[in-house]
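Reading through the structure tokens given below for one structure.
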Amino acid sequence: VQDPGTSLGPEVLLTLHRGGGRTLHAQVEDGLRAAIQSGALPGGLALPSTRTLAADLGVSRRLVLEAYEQLVAEGYLYTIPRGRTVVRGIEVTAMSERPAKRTSSILYDLYPGLPDLSYFPRTEWHRATTKVLREAPDSALGYPDGAGAIALRTALAAYLRRVRGVVASPDRIVICSGFRQALALVIGVLQRDTVTPTIGLEDPGLYEGVPIVEAAGGHCHPLPIDDLGVKTDALAQASLDAVLVMPAHQFPTGVSLAPQRRAALASWATENRLVIEDDYDAEFRYDRAALGALQGLAPDHIAYAGTVSKTLAPAVRLGWIVLPERLVDPVVNAKRLHDSGTATLSQLAFAEMLNRGDYDRHLRKARRHYRRRRDALIHHIERTQPDARLSGIEAGLHLVMSLPPDIDPAALTAIAASKRLGITTIDQYQHEPRSDSPAIVLGYANLPAEAAGRAARLLATAIAACRRH
Ligand SMILES: Cc1ncc(COP(=O)(O)O)c(C=O)c1O
């Protein structure tokens with residue numbers, strides 16, 4: 001291996017144990033090989049010069065040179081002119097965080113959960129981040145305010161008051177890494193009063209809602225849902241410390257909480273309990289004006305939470321919670337202890353988008369975009385399956401289609417996948433999967449209107465094939 005001896009190259013983390021059984025030579029060679037195999041050192045990366053790495057590790061240059069030579073011989077590294085040593089691209093086994101349902105074999109993607117990621121407002125986000133990088137003072141680069149950047153809390157309070165009717169002020173808002181973190185922090189705080197707080201969760205409801213609540217130290221109690229939303233008479237039958245609800249557009253059923261139930265829930269909360277309102281996709285309502293947030297009915301007893309995971313993209317990891325006053329300090333403390341605050345630069349970029357009106361403009365455009373996709377899917381399902389029963393169509397990014405009782409949801413999903421059509425059954429979101437009212441949840445955010453006819457025909461054939469079995 002040639003060596004220019006001067007290049008600094010990237011940092012490479014290798015931990016050497018001196019005085020152990022293995023030679024330093026073997027440790028350097030094995031460490032580099034393992035880092036390439038795991039993808040920590042990716043294909044195309046030029047390694048530091050032997051002199052630099054030897055100095056970093058406190059070993060002789062000859063030892064590093066021999067390790068590089070060995071890995072060149074094995075095909076993990078190659079050399080390029082001017083003496084640089086480069087990692088060869090190898091196939092890395094990726095670690096995925098959750099079972100990936102979206103596979104490349106799926107052509108017609110009706111999985112719920114993700115917005116159209118190609119619709120992310122890159123230009124506006126780029127403009128906002130550039131401005132923030134240019135203008136933010138150095139002091140903004142220290143540890144974040146545990147409650148969130150004041151610029152974002154101020155912009156959000158105004159937005160939430162204006163668009164969602166939330167009773168919000170900057171000092172009641174905590175910015176979190178998505179809704180899920182907000183939920184976990186609040187449940188953690190409830191443990192101050194009750195060792196294992198019992199939380200009522202809509203059933204079916206948030207994907208992984210039960211494990212999130214349990215991991216945060218809560219105990220889950222399922223709450224049934226009917227056409228009017230969560231059944232509030234079930235509240236009296238259980239001794240609950242808090243309930244988590246989605247009044248504007250319940251996931252996955254798509255039901256909006258009826259006015260009498262909204263009132264009942266708010267009045268239940270005022271008897272010293274807490275309602276956590278998950279307002280994850282209320283901005284997308286197509287056929288009439290959005291319902292105001294429930295929180296406005298009892299702001300001292302309802303914690304209102306929102307997220308950009310549907311309106312922008314989940315990768316941004318920005319969410320917020322507007323809290324009753326008594327919970328603000330404990331939640332901010334929990335947030336500080338948990339991760340020292342949410343990334344400031346992203347918060348400031350989002351505040352900039354809110355203040356410029358870019359977020360409002362994006363939402364207006366996105367509403368039209370998704371409405372077109374929704375209308376196309378409904379039109380084609382109604383044409384191909386005139387008896388289909390669709391619900392939850394007024395809002396959000398998904399709808400529900402009831403299935404005849406003789407259809408096995410698992411078999412239907414498998415047949416659909418074999419036709420390259422991705423669908424999900426409602427039992428994925430139930431606390432205990434049940435077969436009493438089988439249904440599928442169809443997300444239309446990622447299905448272009450032009451593909452809706454083909455997708456609806458494939459769905460109809462899959463259902464027909466399933467019935468014959
Ligand atoms: C019901 C519901 N609530 C909240 C969220 C958002 O969670 P987060 O902000 O942690 O991405 C989602 C998104 O997947 C959701 O489906």
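In the structure tokens, chains take letters A, B, ... by order of appearance, with residues numbered from 1 within each chain and ligands from 1 in the order shown.
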
Residues within 7 Å of ligand 1 (only C-alpha atoms and all ligand atoms), as a ChimeraX atom specification?
-> /A:113-114,177-181,205-207,251,278,280,307-310,314,317-319

Contacts of segment 31-38 of chain A at 12 Å (only C-alpha atoms; same-chain gap of 5+ positions) as number ranges by chain | A: 12-17, 24-26, 43-45, 47-48, 53, 64, 67-72, 74-77, 86-95

Generate the output file for the selected residues, N, CA and C atoms, as an mmCIF file, in the first residue's frame.
data_model
loop_
_atom_site.group_PDB
_atom_site.id
_atom_site.type_symbol
_atom_site.label_atom_id
_atom_site.label_comp_id
_atom_site.auth_asym_id
_atom_site.auth_seq_id
_atom_site.Cartn_x
_atom_site.Cartn_y
_atom_site.Cartn_z
ATOM 1 N N VAL A 12 -11.583 7.289 12.398
ATOM 2 C CA VAL A 12 -11.944 5.873 12.405
ATOM 3 C C VAL A 12 -11.906 5.401 13.851
ATOM 4 N N LEU A 13 -13.028 4.856 14.338
ATOM 5 C CA LEU A 13 -13.077 4.437 15.737
ATOM 6 C C LEU A 13 -12.643 2.977 15.858
ATOM 7 N N LEU A 14 -11.483 2.785 16.454
ATOM 8 C CA LEU A 14 -11.033 1.429 16.748
ATOM 9 C C LEU A 14 -10.603 1.426 18.207
ATOM 10 N N THR A 15 -11.077 0.459 18.958
ATOM 11 C CA THR A 15 -10.677 0.408 20.366
ATOM 12 C C THR A 15 -9.681 -0.736 20.552
ATOM 13 N N LEU A 16 -8.502 -0.410 21.056
ATOM 14 C CA LEU A 16 -7.469 -1.439 21.225
ATOM 15 C C LEU A 16 -7.307 -1.764 22.710
ATOM 16 N N HIS A 17 -7.179 -3.039 22.983
ATOM 17 C CA HIS A 17 -6.937 -3.462 24.373
ATOM 18 C C HIS A 17 -5.491 -3.921 24.487
ATOM 19 N N LEU A 24 -1.847 -6.362 18.871
ATOM 20 C CA LEU A 24 -2.390 -5.099 18.357
ATOM 21 C C LEU A 24 -2.625 -5.208 16.860
ATOM 22 N N HIS A 25 -1.766 -5.920 16.182
ATOM 23 C CA HIS A 25 -1.906 -6.086 14.741
ATOM 24 C C HIS A 25 -3.250 -6.742 14.412
ATOM 25 N N ALA A 26 -3.546 -7.834 15.137
ATOM 26 C CA ALA A 26 -4.813 -8.547 14.883
ATOM 27 C C ALA A 26 -6.001 -7.653 15.215
ATOM 28 N N GLY A 43 -18.497 1.903 1.455
ATOM 29 C CA GLY A 43 -17.786 1.825 0.181
ATOM 30 C C GLY A 43 -17.481 3.216 -0.354
ATOM 31 N N GLY A 44 -16.270 3.411 -0.883
ATOM 32 C CA GLY A 44 -15.905 4.707 -1.461
ATOM 33 C C GLY A 44 -15.180 5.616 -0.482
ATOM 34 N N LEU A 45 -15.211 5.258 0.796
ATOM 35 C CA LEU A 45 -14.567 6.134 1.797
ATOM 36 C C LEU A 45 -13.055 5.969 1.732
ATOM 37 N N LEU A 47 -9.609 5.993 3.454
ATOM 38 C CA LEU A 47 -9.157 5.852 4.851
ATOM 39 C C LEU A 47 -8.066 6.881 5.167
ATOM 40 N N PRO A 48 -7.844 7.140 6.453
ATOM 41 C CA PRO A 48 -6.750 8.028 6.821
ATOM 42 C C PRO A 48 -5.420 7.424 6.358
ATOM 43 N N LEU A 53 -3.421 7.324 11.050
ATOM 44 C CA LEU A 53 -4.106 6.313 11.862
ATOM 45 C C LEU A 53 -3.156 5.759 12.928
ATOM 46 N N VAL A 64 0.008 -0.518 10.912
ATOM 47 C CA VAL A 64 -1.181 -0.099 10.154
ATOM 48 C C VAL A 64 -1.003 -0.444 8.679
ATOM 49 N N ALA A 67 -1.796 -3.995 8.132
ATOM 50 C CA ALA A 67 -3.244 -4.262 8.217
ATOM 51 C C ALA A 67 -3.935 -3.827 6.922
ATOM 52 N N TYR A 68 -3.574 -2.647 6.417
ATOM 53 C CA TYR A 68 -4.154 -2.186 5.145
ATOM 54 C C TYR A 68 -3.823 -3.187 4.024
ATOM 55 N N GLU A 69 -2.563 -3.629 4.004
ATOM 56 C CA GLU A 69 -2.152 -4.553 2.931
ATOM 57 C C GLU A 69 -2.955 -5.847 2.984
ATOM 58 N N GLN A 70 -3.144 -6.344 4.205
ATOM 59 C CA GLN A 70 -3.904 -7.577 4.357
ATOM 60 C C GLN A 70 -5.345 -7.390 3.824
ATOM 61 N N LEU A 71 -5.970 -6.240 4.150
ATOM 62 C CA LEU A 71 -7.368 -6.027 3.738
ATOM 63 C C LEU A 71 -7.474 -5.712 2.245
ATOM 64 N N VAL A 72 -6.394 -5.170 1.668
ATOM 65 C CA VAL A 72 -6.364 -5.019 0.201
ATOM 66 C C VAL A 72 -6.349 -6.416 -0.417
ATOM 67 N N GLU A 74 -7.493 -9.104 0.797
ATOM 68 C CA GLU A 74 -8.789 -9.784 0.988
ATOM 69 C C GLU A 74 -9.900 -9.142 0.156
ATOM 70 N N GLY A 75 -9.634 -7.990 -0.433
ATOM 71 C CA GLY A 75 -10.646 -7.354 -1.288
ATOM 72 C C GLY A 75 -11.519 -6.346 -0.565
ATOM 73 N N TYR A 76 -11.237 -6.073 0.704
ATOM 74 C CA TYR A 76 -12.045 -5.078 1.435
ATOM 75 C C TYR A 76 -11.618 -3.649 1.099
ATOM 76 N N LEU A 77 -10.341 -3.493 0.727
ATOM 77 C CA LEU A 77 -9.798 -2.170 0.420
ATOM 78 C C LEU A 77 -9.138 -2.207 -0.946
ATOM 79 N N VAL A 86 -8.872 2.995 -0.174
ATOM 80 C CA VAL A 86 -10.305 3.255 -0.210
ATOM 81 C C VAL A 86 -11.083 1.979 0.107
ATOM 82 N N VAL A 87 -12.219 2.154 0.789
ATOM 83 C CA VAL A 87 -13.064 1.005 1.149
ATOM 84 C C VAL A 87 -13.840 0.562 -0.094
ATOM 85 N N ARG A 88 -13.833 -0.751 -0.351
ATOM 86 C CA ARG A 88 -14.599 -1.269 -1.479
ATOM 87 C C ARG A 88 -16.053 -1.468 -1.031
ATOM 88 N N GLY A 89 -17.013 -1.091 -1.858
ATOM 89 C CA GLY A 89 -18.431 -1.257 -1.495
ATOM 90 C C GLY A 89 -18.778 -2.729 -1.396
ATOM 91 N N ILE A 90 -19.287 -3.154 -0.259
ATOM 92 C CA ILE A 90 -19.750 -4.543 -0.174
ATOM 93 C C ILE A 90 -21.197 -4.507 0.267
ATOM 94 N N GLU A 91 -21.885 -5.630 0.088
ATOM 95 C CA GLU A 91 -23.286 -5.659 0.470
ATOM 96 C C GLU A 91 -23.383 -5.714 1.987
ATOM 97 N N VAL A 92 -24.069 -4.747 2.569
ATOM 98 C CA VAL A 92 -24.159 -4.672 4.025
ATOM 99 C C VAL A 92 -25.547 -5.125 4.432
ATOM 100 N N THR A 93 -25.622 -5.937 5.473
ATOM 101 C CA THR A 93 -26.935 -6.339 5.959
ATOM 102 C C THR A 93 -27.480 -5.193 6.795
ATOM 103 N N ALA A 94 -28.517 -4.526 6.283
ATOM 104 C CA ALA A 94 -29.030 -3.343 6.977
ATOM 105 C C ALA A 94 -29.814 -3.757 8.209
ATOM 106 N N MET A 95 -29.695 -2.965 9.271
ATOM 107 C CA MET A 95 -30.501 -3.214 10.466
ATOM 108 C C MET A 95 -31.734 -2.342 10.340
#

All residues 6 Å or closer to segment 163-172 of chain A, only C-alpha atoms, same chain fewer than 4 positions away omitted, as a PyMOL selection string | chain A and resi 153-154+157+159+292-293+296+322-323

Write out, as a PDB file, in the first residue's frame, the residues just selected, with C-alpha atoms.
ATOM      1  CA  ARG A 153     -43.045  27.924  20.684  1.00  0.00           C
ATOM      2  CA  THR A 154     -44.168  31.477  19.883  1.00  0.00           C
ATOM      3  CA  ALA A 157     -48.845  29.053  19.771  1.00  0.00           C
ATOM      4  CA  TYR A 159     -50.606  28.828  14.567  1.00  0.00           C
ATOM      5  CA  GLY A 292     -61.614  22.723  16.526  1.00  0.00           C
ATOM      6  CA  ALA A 293     -59.393  20.921  19.001  1.00  0.00           C
ATOM      7  CA  GLY A 296     -60.295  24.321  23.969  1.00  0.00           C
ATOM      8  CA  VAL A 322     -49.599  22.052  24.911  1.00  0.00           C
ATOM      9  CA  LEU A 323     -49.907  21.202  28.581  1.00  0.00           C
TER      10      LEU A 323
END

Between A:Gln250, A:Thr130, A:Ser60, A:Thr232, which is the closest to Ala266 of chain A once you count only C-alpha atoms?
->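 Closest to Ala266 of chain A of all the choices is A:Thr232.
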
Could you give me, as a list in words, the residues within 6 Å of segment 141-147 of chain A, counting only C-alpha atoms and dropping anything in the same chain fewer than 4 positions from it?
->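 In the requested form, the answer reads Val174, Ile175, Val332, Arg336, Gly341 and Thr344 of chain A.
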
Per-residue DSSP, segment 143-372 of chain A, filtered to strand (DSSP E), as a VMD selection string = chain A and resid 173 to 176 198 to 202 219 to 223 225 to 226 229 to 230 242 to 245 274 to 278 302 to 307 319 to 322

10 Å contact set for segment 374-390 of chain A, only C-alpha atoms, chain neighbours under 3 positions out, as a ChimeraX atom specification | /A:110,286,368-371,393-404,439-445,447-461,463

Put those residues in a file: N, CA and C atoms, as a tab-separated table (two decimals), in the first residue's frame.
chain	number	residue	atom	x	y	z
A	110	LEU	N	-50.81	0.95	-0.76
A	110	LEU	CA	-51.97	1.47	-0.01
A	110	LEU	C	-51.76	1.31	1.49
A	286	TYR	N	-61.34	17.32	4.16
A	286	TYR	CA	-61.62	17.66	2.76
A	286	TYR	C	-63.03	18.19	2.50
A	368	ARG	N	-55.06	19.68	-1.41
A	368	ARG	CA	-55.57	19.43	-2.78
A	368	ARG	C	-54.97	18.16	-3.36
A	369	HIS	N	-53.68	17.97	-3.11
A	369	HIS	CA	-52.95	16.80	-3.62
A	369	HIS	C	-53.58	15.51	-3.08
A	370	TYR	N	-53.79	15.46	-1.77
A	370	TYR	CA	-54.32	14.24	-1.17
A	370	TYR	C	-55.80	14.06	-1.50
A	371	ARG	N	-56.51	15.16	-1.63
A	371	ARG	CA	-57.91	15.06	-1.96
A	371	ARG	C	-58.08	14.41	-3.34
A	393	ILE	N	-63.76	8.64	5.43
A	393	ILE	CA	-63.22	9.21	4.18
A	393	ILE	C	-63.10	10.73	4.23
A	394	GLU	N	-63.67	11.39	5.26
A	394	GLU	CA	-63.76	12.86	5.23
A	394	GLU	C	-62.42	13.54	5.45
A	395	ALA	N	-61.49	12.84	6.04
A	395	ALA	CA	-60.27	13.53	6.48
A	395	ALA	C	-59.09	12.58	6.47
A	396	GLY	N	-57.91	13.14	6.72
A	396	GLY	CA	-56.72	12.32	6.91
A	396	GLY	C	-56.12	11.82	5.62
A	397	LEU	N	-55.36	10.72	5.74
A	397	LEU	CA	-54.64	10.19	4.58
A	397	LEU	C	-54.99	8.72	4.35
A	398	HIS	N	-56.07	8.26	4.98
A	398	HIS	CA	-56.44	6.86	4.81
A	398	HIS	C	-57.95	6.72	4.96
A	399	LEU	N	-58.48	5.57	4.53
A	399	LEU	CA	-59.89	5.26	4.77
A	399	LEU	C	-60.00	3.79	5.14
A	400	VAL	N	-61.20	3.40	5.57
A	400	VAL	CA	-61.40	2.03	6.02
A	400	VAL	C	-62.43	1.37	5.13
A	401	MET	N	-62.15	0.15	4.72
A	401	MET	CA	-63.11	-0.60	3.92
A	401	MET	C	-63.49	-1.87	4.68
A	402	SER	N	-64.79	-2.00	5.00
A	402	SER	CA	-65.25	-3.18	5.73
A	402	SER	C	-65.20	-4.38	4.79
A	403	LEU	N	-64.95	-5.55	5.37
A	403	LEU	CA	-64.89	-6.77	4.57
A	403	LEU	C	-66.05	-7.68	4.94
A	404	PRO	N	-66.54	-8.47	4.01
A	404	PRO	CA	-67.56	-9.46	4.37
A	404	PRO	C	-66.99	-10.40	5.42
A	439	ALA	N	-61.79	-5.64	8.42
A	439	ALA	CA	-61.72	-4.44	7.58
A	439	ALA	C	-60.28	-4.23	7.16
A	440	ILE	N	-60.11	-3.47	6.07
A	440	ILE	CA	-58.76	-3.08	5.69
A	440	ILE	C	-58.62	-1.56	5.79
A	441	VAL	N	-57.40	-1.13	6.08
A	441	VAL	CA	-57.11	0.31	6.18
A	441	VAL	C	-56.32	0.67	4.93
A	442	LEU	N	-56.86	1.58	4.13
A	442	LEU	CA	-56.23	1.91	2.85
A	442	LEU	C	-55.66	3.33	2.91
A	443	GLY	N	-54.36	3.43	2.90
A	443	GLY	CA	-53.71	4.75	2.86
A	443	GLY	C	-53.56	5.18	1.41
A	444	TYR	N	-54.01	6.38	1.09
A	444	TYR	CA	-53.95	6.79	-0.32
A	444	TYR	C	-52.89	7.86	-0.58
A	445	ALA	N	-52.13	8.22	0.45
A	445	ALA	CA	-51.15	9.29	0.26
A	445	ALA	C	-50.08	8.92	-0.77
A	447	LEU	N	-50.44	6.72	-3.37
A	447	LEU	CA	-50.97	6.11	-4.60
A	447	LEU	C	-51.38	7.23	-5.56
A	448	PRO	N	-50.60	7.47	-6.63
A	448	PRO	CA	-50.97	8.51	-7.58
A	448	PRO	C	-52.36	8.25	-8.16
A	449	ALA	N	-53.09	9.32	-8.45
A	449	ALA	CA	-54.47	9.17	-8.96
A	449	ALA	C	-54.50	8.29	-10.20
A	450	GLU	N	-53.46	8.37	-11.03
A	450	GLU	CA	-53.45	7.59	-12.28
A	450	GLU	C	-53.35	6.10	-12.00
A	451	ALA	N	-52.85	5.72	-10.82
A	451	ALA	CA	-52.69	4.29	-10.51
A	451	ALA	C	-53.90	3.75	-9.76
A	452	ALA	N	-54.85	4.62	-9.41
A	452	ALA	CA	-55.96	4.18	-8.54
A	452	ALA	C	-56.85	3.14	-9.22
A	453	GLY	N	-57.08	3.29	-10.54
A	453	GLY	CA	-57.95	2.34	-11.25
A	453	GLY	C	-57.37	0.94	-11.19
A	454	ARG	N	-56.08	0.83	-11.49
A	454	ARG	CA	-55.41	-0.48	-11.49
A	454	ARG	C	-55.41	-1.08	-10.08
A	455	ALA	N	-55.10	-0.23	-9.09
A	455	ALA	CA	-55.05	-0.71	-7.70
A	455	ALA	C	-56.42	-1.22	-7.27
A	456	ALA	N	-57.49	-0.49	-7.63
A	456	ALA	CA	-58.85	-0.90	-7.23
A	456	ALA	C	-59.22	-2.21	-7.90
A	457	ARG	N	-58.81	-2.39	-9.15
A	457	ARG	CA	-59.13	-3.66	-9.84
A	457	ARG	C	-58.39	-4.82	-9.17
A	458	LEU	N	-57.12	-4.59	-8.83
A	458	LEU	CA	-56.35	-5.65	-8.16
A	458	LEU	C	-56.99	-5.99	-6.81
A	459	LEU	N	-57.45	-4.97	-6.11
A	459	LEU	CA	-58.08	-5.21	-4.80
A	459	LEU	C	-59.35	-6.05	-4.98
A	460	ALA	N	-60.15	-5.70	-5.97
A	460	ALA	CA	-61.39	-6.44	-6.21
A	460	ALA	C	-61.08	-7.91	-6.55
A	461	THR	N	-60.04	-8.12	-7.37
A	461	THR	CA	-59.71	-9.52	-7.73
A	461	THR	C	-59.19	-10.26	-6.50
A	463	ILE	N	-60.00	-9.77	-3.39
A	463	ILE	CA	-61.13	-10.08	-2.51
A	463	ILE	C	-61.93	-11.26	-3.10

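Proximity of A:Ala411, A:Ile276, A:Ala54, A:Val255 to Cys466 of chain A, computed with only C-alpha atoms, is greatest for A:Ala411.
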
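Counting from atom CA of Phe120 of chain A, the distance to atom CA of Leu345 of chain A is 17.8 Å.
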
Glu352 of chain A environment, 12 Å, only C-alpha atoms, sequence neighbours closer than 2 positions dropped, as a compact mmCIF listing (two decimals) with C-alpha atoms, in the first residue's frame:
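Result saved to result_11.txt:
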# COMPACT_ATOMS: atom_id res chain seq x y z
CA GLU A 124 -38.98 25.92 1.57
CA TRP A 125 -37.13 23.74 4.09
CA HIS A 126 -33.85 24.50 2.33
CA ARG A 127 -34.56 28.23 2.35
CA ALA A 128 -35.49 28.13 6.02
CA THR A 129 -32.45 26.11 7.11
CA THR A 130 -30.11 28.33 5.08
CA LYS A 131 -31.53 31.43 6.73
CA VAL A 132 -31.23 29.84 10.18
CA LEU A 133 -27.61 28.84 9.57
CA GLU A 135 -28.57 34.22 11.13
CA ALA A 136 -28.75 32.11 14.28
CA ALA A 149 -36.79 27.09 21.10
CA ALA A 151 -39.06 31.19 18.47
CA LEU A 152 -40.84 27.96 17.60
CA ARG A 153 -43.05 27.92 20.68
CA THR A 154 -44.17 31.48 19.88
CA ALA A 155 -44.87 30.73 16.21
CA LEU A 156 -46.66 27.48 17.09
CA LEU A 345 -31.66 24.05 14.12
CA SER A 346 -34.67 22.03 12.92
CA GLN A 347 -36.90 23.84 15.41
CA LEU A 348 -35.73 27.21 14.11
CA ALA A 349 -36.20 26.14 10.50
CA PHE A 350 -39.76 25.06 11.21
CA LEU A 354 -44.47 29.03 10.05
CA ASN A 355 -43.59 32.73 10.22
CA ARG A 356 -43.16 33.11 6.46
CA GLY A 357 -46.50 31.41 5.79
CA ASP A 358 -44.70 28.57 3.95
CA TYR A 359 -46.30 25.94 6.20
CA ASP A 360 -49.82 27.24 5.55

Nearest to Ala298 of chain A by atom-to-atom distance, counting only C-alpha atoms, from A:Leu257, A:Ala263, A:Val186, A:Val245 |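 Looking at the shortest contact to Ala298 of chain A, the residue is A:Ala263.
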